[in-house]
$ cat my_file32.csv   # CSV, C-alpha atoms
chain,number,residue,atom,x,y,z
T,297,MET,CA,127.4,111.5,107.6
T,298,LEU,CA,124.5,109.0,108.2
T,299,ARG,CA,125.7,108.3,111.7
T,300,ARG,CA,125.8,112.1,112.4
T,301,HIS,CA,122.3,112.6,110.9
T,302,GLY,CA,121.0,109.7,113.0
T,303,TRP,CA,122.4,111.3,116.2
T,304,LEU,CA,121.0,114.7,115.3
T,305,TRP,CA,117.6,113.2,114.9
T,306,THR,CA,117.9,111.4,118.2
T,307,LEU,CA,118.9,114.7,119.8
T,308,THR,CA,116.0,116.4,118.2
T,309,MET,CA,113.6,113.9,119.5
T,310,VAL,CA,115.1,114.2,123.0
T,311,ALA,CA,114.8,118.0,122.8
T,312,HIS,CA,111.1,117.6,121.8
T,313,THR,CA,110.1,115.1,124.4
T,314,VAL,CA,112.2,115.6,127.5
T,315,PRO,CA,110.8,119.1,128.3
T,316,PHE,CA,107.3,117.8,128.2
T,317,LEU,CA,108.1,114.8,130.4
T,318,VAL,CA,110.0,117.0,132.9
T,319,ALA,CA,107.1,119.5,133.0
T,320,ALA,CA,104.6,116.6,133.5
T,321,GLY,CA,106.6,115.2,136.4
T,322,GLY,CA,107.2,118.7,137.9
T,323,MET,CA,103.6,119.6,137.8
T,324,VAL,CA,102.5,116.5,139.7
T,325,LEU,CA,105.2,117.0,142.3
T,326,LEU,CA,104.2,120.6,142.9
T,327,GLU,CA,100.5,120.1,142.7
T,328,PRO,CA,99.0,116.6,142.4
T,329,LEU,CA,95.7,118.1,141.3
T,330,ALA,CA,97.6,119.1,138.1
T,331,PHE,CA,97.6,115.4,137.1
T,332,PRO,CA,95.3,115.8,134.1
T,333,VAL,CA,97.5,118.6,132.7
T,334,SER,CA,100.6,116.5,133.2
T,335,LEU,CA,98.9,113.7,131.3
T,336,ALA,CA,98.4,116.1,128.4
T,337,ALA,CA,102.2,116.9,128.6
T,338,VAL,CA,103.1,113.2,128.5
T,339,ALA,CA,100.7,112.8,125.5
T,340,HIS,CA,102.6,115.6,123.7
T,341,ALA,CA,105.9,113.9,124.5
T,342,TRP,CA,104.6,110.7,123.0
T,343,ILE,CA,102.8,112.1,119.9
T,344,ILE,CA,105.7,114.3,118.6
T,345,PRO,CA,108.0,111.4,117.7
T,346,GLU,CA,105.0,109.6,116.2
T,347,LEU,CA,104.2,112.5,113.9
T,348,TYR,CA,107.8,112.6,112.8
T,349,ALA,CA,107.7,108.8,112.2
T,350,GLN,CA,104.5,109.3,110.2
T,351,ARG,CA,106.3,111.9,108.1
T,352,GLY,CA,109.1,109.4,107.5
T,353,ALA,CA,106.8,106.5,106.6
T,354,ASN,CA,104.9,108.8,104.2
T,355,VAL,CA,107.9,108.9,101.8
T,356,VAL,CA,107.1,105.4,100.6
T,357,ARG,CA,103.3,105.7,100.6
T,358,PRO,CA,101.8,105.3,97.2
T,359,LYS,CA,100.8,108.6,95.7
T,360,ARG,CA,97.2,109.5,95.0
T,361,ARG,CA,96.7,110.7,91.5
T,362,ARG,CA,94.7,113.8,90.8
T,363,GLY,CA,92.0,113.6,88.1
T,364,ALA,CA,91.2,110.5,86.2
T,365,PRO,CA,92.6,107.2,87.5
T,366,PRO,CA,95.8,106.1,85.7
T,367,ALA,CA,95.5,104.0,82.6
T,368,GLU,CA,96.3,100.4,83.1
T,369,GLU,CA,98.5,99.9,80.1
T,370,PRO,CA,101.3,102.3,80.9
T,371,ASP,CA,101.3,100.9,84.5
T,372,ARG,CA,101.7,97.4,83.2
T,373,ILE,CA,104.5,98.4,80.7
T,374,ALA,CA,106.3,100.3,83.4
T,375,LEU,CA,106.1,97.4,85.9
T,376,GLY,CA,107.4,95.1,83.2
T,377,LEU,CA,110.5,97.3,82.7
T,378,LEU,CA,111.0,97.6,86.5
T,379,GLY,CA,110.7,93.9,86.8
T,380,ASP,CA,113.4,93.4,84.2
T,381,LEU,CA,115.8,95.4,86.5
T,382,LEU,CA,115.1,93.1,89.5
T,383,ASP,CA,116.0,89.6,90.5
T,384,HIS,CA,113.2,87.0,91.2
T,385,GLU,CA,113.1,87.5,94.9
T,386,THR,CA,113.0,91.3,94.8
T,387,ARG,CA,110.4,91.2,92.0
T,388,THR,CA,108.2,89.0,94.2
T,389,MET,CA,108.6,91.4,97.1
T,390,MET,CA,107.8,94.3,94.9
T,391,HIS,CA,104.5,92.7,93.7
T,392,ARG,CA,103.6,92.0,97.3
T,393,THR,CA,104.5,95.3,98.9
T,394,GLY,CA,104.8,97.8,96.1
T,395,LEU,CA,108.3,98.5,97.3
T,396,VAL,CA,111.7,97.5,95.9
T,397,LEU,CA,114.6,96.3,98.1
T,398,GLU,CA,118.1,97.3,97.0
T,399,ARG,CA,121.2,96.4,98.9
T,400,GLY,CA,123.8,99.2,98.8
T,401,THR,CA,127.0,100.1,100.6
T,402,LEU,CA,125.2,102.4,103.1
T,403,GLY,CA,122.6,99.7,104.1
T,404,VAL,CA,119.5,98.2,102.6
T,405,TRP,CA,117.2,100.6,100.7
T,406,VAL,CA,113.4,100.2,100.4
T,407,VAL,CA,112.4,102.2,97.4
T,408,GLY,CA,108.9,103.6,96.8
T,409,GLU,CA,107.4,106.0,94.3
T,410,ALA,CA,108.5,109.2,96.0
T,411,GLY,CA,111.1,108.3,98.4
T,412,ALA,CA,113.2,105.6,100.0
T,413,LEU,CA,113.9,104.1,103.5
T,414,LEU,CA,117.5,103.2,104.3
T,415,VAL,CA,117.8,100.5,106.9
T,416,HIS,CA,121.1,101.0,108.6
T,417,PRO,CA,123.4,98.0,109.0
T,418,GLY,CA,122.2,96.2,112.1
T,419,GLY,CA,118.6,97.0,111.3
T,420,ARG,CA,117.7,99.2,114.3
T,421,ARG,CA,117.7,102.7,112.7
T,422,VAL,CA,115.8,103.7,109.5
T,423,HIS,CA,116.5,106.9,107.5
T,424,CYS,CA,113.6,108.1,105.5
T,425,TRP,CA,114.4,110.0,102.3
T,426,CYS,CA,112.0,112.1,100.3
T,427,VAL,CA,113.1,112.1,96.6
T,428,ARG,CA,111.2,111.9,93.4
T,429,VAL,CA,111.1,112.5,89.7
T,430,ASP,CA,109.3,115.6,88.8
T,431,ASP,CA,106.7,114.3,86.3
T,432,PRO,CA,103.3,113.7,87.8
T,433,ASP,CA,102.1,111.7,84.8
T,434,LEU,CA,104.7,108.9,85.1
T,435,PRO,CA,103.3,105.5,86.0
T,436,ALA,CA,104.2,104.2,89.5
T,437,GLY,CA,106.6,101.6,88.2
T,438,ASP,CA,108.5,104.2,86.2
T,439,ARG,CA,108.8,106.4,89.2
T,440,ILE,CA,110.3,103.6,91.2
T,441,ALA,CA,112.6,102.6,88.3
T,442,HIS,CA,113.9,106.2,88.1
T,443,LEU,CA,114.8,106.2,91.7
T,444,LEU,CA,116.3,102.7,91.6
T,445,LEU,CA,118.5,103.5,88.6
T,446,ALA,CA,119.7,106.8,90.2
T,447,LEU,CA,120.5,104.9,93.4
T,448,ARG,CA,122.4,102.2,91.6
T,449,ALA,CA,124.4,104.7,89.6
T,450,ASP,CA,125.4,106.9,92.6
T,451,GLU,CA,124.3,105.8,96.1
T,452,GLU,CA,125.9,108.7,97.9
T,453,GLY,CA,124.7,111.2,95.4
T,454,PHE,CA,121.2,109.8,95.8
T,455,ALA,CA,121.3,110.4,99.5
T,456,THR,CA,122.7,113.9,99.0
T,457,VAL,CA,119.9,114.9,96.5
T,458,ALA,CA,117.2,113.5,98.7
T,459,ASN,CA,115.7,115.3,101.6
T,460,GLN,CA,115.7,113.5,104.9
T,461,ALA,CA,112.2,113.4,106.4
T,462,PHE,CA,113.1,111.4,109.5
T,463,ALA,CA,115.6,109.1,111.0
T,464,GLY,CA,114.7,106.9,114.0
T,465,ALA,CA,113.9,103.5,115.4
T,466,ARG,CA,112.7,100.9,112.9
T,467,TRP,CA,109.8,99.9,115.1
T,468,ARG,CA,108.5,103.4,115.1
T,469,VAL,CA,108.6,103.7,111.3
T,470,ARG,CA,107.2,100.2,110.8
T,471,ARG,CA,104.1,101.0,112.8
T,472,ARG,CA,103.4,103.9,110.5
T,473,LEU,CA,103.7,101.9,107.2
T,474,ALA,CA,100.7,100.3,105.6
T,475,ALA,CA,100.3,96.7,106.6
T,476,HIS,CA,101.2,95.4,103.1
T,477,GLN,CA,104.4,97.4,103.1
T,478,ARG,CA,105.8,96.1,106.4
T,479,PRO,CA,107.3,92.9,105.1
T,480,ALA,CA,109.6,95.0,102.9
T,481,LEU,CA,111.0,96.8,105.9
T,482,GLU,CA,111.4,93.6,107.8
T,483,ALA,CA,113.2,92.0,104.9
T,484,ALA,CA,115.5,95.0,104.7
T,485,ALA,CA,116.3,94.8,108.4
T,486,LYS,CA,117.4,91.2,108.0
T,487,GLY,CA,119.9,92.4,105.4
C,1234,MET,CA,119.6,93.6,69.1
C,1235,SER,CA,120.2,96.5,71.5
C,1236,ARG,CA,117.5,98.9,72.5
C,1237,LEU,CA,117.4,102.6,73.6
C,1238,VAL,CA,114.3,103.2,75.7
C,1239,ARG,CA,112.9,106.3,77.5
C,1240,MET,CA,110.8,106.0,80.6
C,1241,ASP,CA,107.8,108.2,80.1
C,1242,ARG,CA,104.1,108.4,80.7
C,1243,THR,CA,103.4,105.5,78.3
C,1244,GLY,CA,105.4,103.1,80.5
C,1245,HIS,CA,108.4,103.4,78.2
C,1246,THR,CA,109.0,104.2,74.6
C,1247,THR,CA,111.6,102.5,72.4
C,1248,LEU,CA,113.6,105.2,70.7
C,1249,ALA,CA,116.0,103.1,68.7
C,1250,GLU,CA,117.1,99.6,68.1
C,1251,TRP,CA,120.5,98.7,66.7
C,1252,THR,CA,123.0,96.0,66.1
C,1253,SER,CA,126.7,96.8,66.5
C,1254,GLY,CA,127.5,95.7,62.9
C,1255,ASP,CA,124.9,97.9,61.3
C,1256,GLU,CA,126.4,101.4,61.1
C,1257,GLY,CA,123.1,103.1,60.0
C,1258,SER,CA,121.1,101.8,62.9
C,1259,VAL,CA,124.0,102.7,65.3
C,1260,GLN,CA,124.0,106.2,64.0
C,1261,ASP,CA,120.3,106.5,64.4
C,1262,ALA,CA,120.6,105.3,68.0
C,1263,VAL,CA,123.4,107.8,68.7
C,1264,ASP,CA,121.4,110.6,67.3
C,1265,ALA,CA,118.3,109.6,69.4
C,1266,PHE,CA,120.5,109.3,72.5
C,1267,ARG,CA,121.9,112.8,72.0
C,1268,ARG,CA,118.5,114.3,71.4
C,1269,GLU,CA,117.4,112.9,74.8
C,1270,LEU,CA,120.5,114.2,76.5
C,1271,ASP,CA,119.7,117.6,75.1
C,1272,ARG,CA,116.2,117.3,76.5
C,1273,GLY,CA,117.7,116.8,80.0
C,1274,PHE,CA,117.4,113.1,80.3
C,1275,PHE,CA,120.2,110.9,81.6
C,1276,GLY,CA,121.4,107.7,80.0
C,1277,VAL,CA,121.8,104.7,82.3
C,1278,VAL,CA,123.1,101.2,81.6
C,1279,THR,CA,123.0,98.2,83.9
C,1280,THR,CA,126.5,97.0,84.5
C,1281,GLY,CA,125.7,94.0,86.8
C,1282,PRO,CA,123.3,92.8,89.4
C,1283,GLY,CA,122.4,95.9,91.4
C,1284,LYS,CA,124.8,98.1,89.5
C,1285,ALA,CA,124.2,100.9,87.0
C,1286,GLU,CA,126.2,103.5,85.4
C,1287,MET,CA,125.3,106.9,83.9
C,1288,VAL,CA,126.6,107.3,80.4
C,1289,ARG,CA,127.2,110.5,78.3
C,1290,GLU,CA,127.9,108.6,75.1
C,1291,LEU,CA,125.8,105.7,73.7
C,1292,PRO,CA,127.5,102.4,74.7
C,1293,VAL,CA,127.0,100.6,71.4
C,1294,ASP,CA,127.7,97.2,73.0
C,1295,ALA,CA,125.1,97.5,75.7
C,1296,GLU,CA,121.9,95.5,75.4
C,1297,LEU,CA,119.6,98.1,76.9
C,1298,VAL,CA,120.1,101.8,77.5
C,1299,ILE,CA,117.5,103.5,79.6
C,1300,MET,CA,116.9,107.3,79.5
C,1301,ARG,CA,115.6,108.7,82.8
C,1302,GLN,CA,114.7,112.1,84.1
C,1303,PRO,CA,116.6,113.9,86.9
C,1304,ILE,CA,115.5,113.3,90.4
C,1305,SER,CA,115.1,115.9,93.2
C,1306,GLY,CA,114.5,116.1,96.9
C,1307,GLY,CA,110.8,116.1,97.7
$ encode --input "my_file32.csv" --output "structure tokens"
Amino acid sequence: MLRRHGWLWTLTMVAHTVPFLVAAGGMVLLEPLAFPVSLAAVAHAWIIPELYAQRGANVVRPKRRRGAPPAEEPDRIALGLLGDLLDHETRTMMHRTGLVLERGTLGVWVVGEAGALLVHPGGRRVHCWCVRVDDPDLPAGDRIAHLLLALRADEEGFATVANQAFAGARWRVRRRLAAHQRPALEAAAKG
Amino acid sequence: MSRLVRMDRTGHTTLAEWTSGDEGSVQDAVDAFRRELDRGFFGVVTTGPGKAEMVRELPVDAELVIMRQPISGG
């Protein structure tokens, strides 16, 4: 299933970019003065996959809370419970990046508050899944713990429930992550 | 001492504590567990490193049982 989804995303990207590139080349061949317009077409071909990758990276972006800032005590308690579910190395990575690494049968997962990245074995392709617990008042640590426990209990069910936001090259998603989150993706790619 | 906790907006709430030899505390924990199931929560126990299992009955011998809410695609 994942392989097929990956190929479908690749085909989607090709379908979005190739027409613009062909149009850009064709315009210059037919009329060299159309060079500025062809540049705009090339820019479109470049920006569309970037926008999709941004959508993919957004699934692990920390969520902004509406209204008053979250209380510190529930966050601390939630992080304590989440820490109890992790080994030392993963806990250290979580404190550093805000993301939890979880090795599964489908690949290595990078779990955030409202979604997860699945790094395919080999590390080249990343699947971005949008999935969350529907309670806006939960502390961030609890939101991650919900996803982590659901993932551990039923990995394929987790991937079925989640909506796929993007699948594509790891380098493309990595560029769109916040700088402090990138080490988690790199660690996942190493397996 | 085993614990039943619910992940909620306070971080987590301890709903029950029991020891397997104490029937009263076990029954209180079973009742609390069922109440949470009725509210739509799922019971989860860790079964090893990186492993967890959903449970429909309170596993009396588990050290920690966590109640979580359902997840959905965003």
$ residues_near_point --input "my_file32.csv" --point "(110.0, 105.1, 71.0)" --cutoff "10 Å" --atoms "all atoms listed in the file" --output "PyMOL selection string"
chain C and resi 1236-1241+1243+1245-1250+1265
$ residues_around --input "my_file32.csv" --residues "region 404-410 of chain T" --least-positions-apart "6" --cutoff "8 Å" --atoms "all atoms listed in the file" --output "NGL selection string"
(:T and (355-359 or 394-398 or 416-417 or 426-429 or 436-437 or 439-440 or 443-444 or 480-481 or 484-485 or 487)) or (:C and (1307))
$ interface_residues --input "my_file32.csv" --of "chain C" --to "chain T" --cutoff "6 Å" --atoms "only C-alpha atoms" --output "ChimeraX atom specification"
/C:1241-1244,1284-1286,1304-1307
$ residues_near_point --input "my_file32.csv" --point "(121.3, 112.9, 86.7)" --cutoff "8 Å" --atoms "all atoms listed in the file" --output "list in words"
Ala446 of chain T; Phe1274, Phe1275, Met1287, Gln1302, Pro1303 and Ile1304 of chain C
$ write_last_selection --input "my_file32.csv" --atoms "C-alpha atoms" --output "PDB file, keeping the file's coordinate frame"
ATOM      1  CA  ALA T 446     119.700 106.800  90.200  1.00  0.00           C
TER       2      ALA T 446
ATOM      3  CA  PHE C1274     117.400 113.100  80.300  1.00  0.00           C
ATOM      4  CA  PHE C1275     120.200 110.900  81.600  1.00  0.00           C
ATOM      5  CA  MET C1287     125.300 106.900  83.900  1.00  0.00           C
ATOM      6  CA  GLN C1302     114.700 112.100  84.100  1.00  0.00           C
ATOM      7  CA  PRO C1303     116.600 113.900  86.900  1.00  0.00           C
ATOM      8  CA  ILE C1304     115.500 113.300  90.400  1.00  0.00           C
TER       9      ILE C1304
END
$ atom_distance --input "my_file32.csv" --atom1 "CA of Val314 (chain T)" --atom2 "CA of Val338 (chain T)"
9.5 Å
$ atom_distance --input "my_file32.csv" --atom1 "CA of Ala475 (chain T)" --atom2 "CA of Gly302 (chain T)"
25.3 Å
$ atom_distance --input "my_file32.csv" --atom1 "CA of Glu1269 (chain C)" --atom2 "CA of Arg1301 (chain C)"
9.2 Å
$ residues_around --input "my_file32.csv" --residues "Glu1290 (chain C)" --least-positions-apart "6" --cutoff "9 Å" --atoms "all atoms listed in the file" --output "PDB file with C-alpha atoms, in the coordinates of the input"
ATOM      1  CA  VAL C1263     123.400 107.800  68.700  1.00  0.00           C
ATOM      2  CA  PHE C1266     120.500 109.300  72.500  1.00  0.00           C
ATOM      3  CA  ARG C1267     121.900 112.800  72.000  1.00  0.00           C
ATOM      4  CA  GLY C1276     121.400 107.700  80.000  1.00  0.00           C
TER       5      GLY C1276
END
$ closest_residue --input "my_file32.csv" --among "T:Ala320, T:Leu329, T:Met389, T:Leu304" --to "Pro479 (chain T)" --atoms "only C-alpha atoms"
T:Met389
$ closest_residue --input "my_file32.csv" --among "C:Arg1272, C:Met1300, C:Val1293, C:Val1288" --to "Ser1253 (chain C)" --atoms "only C-alpha atoms"
C:Val1293
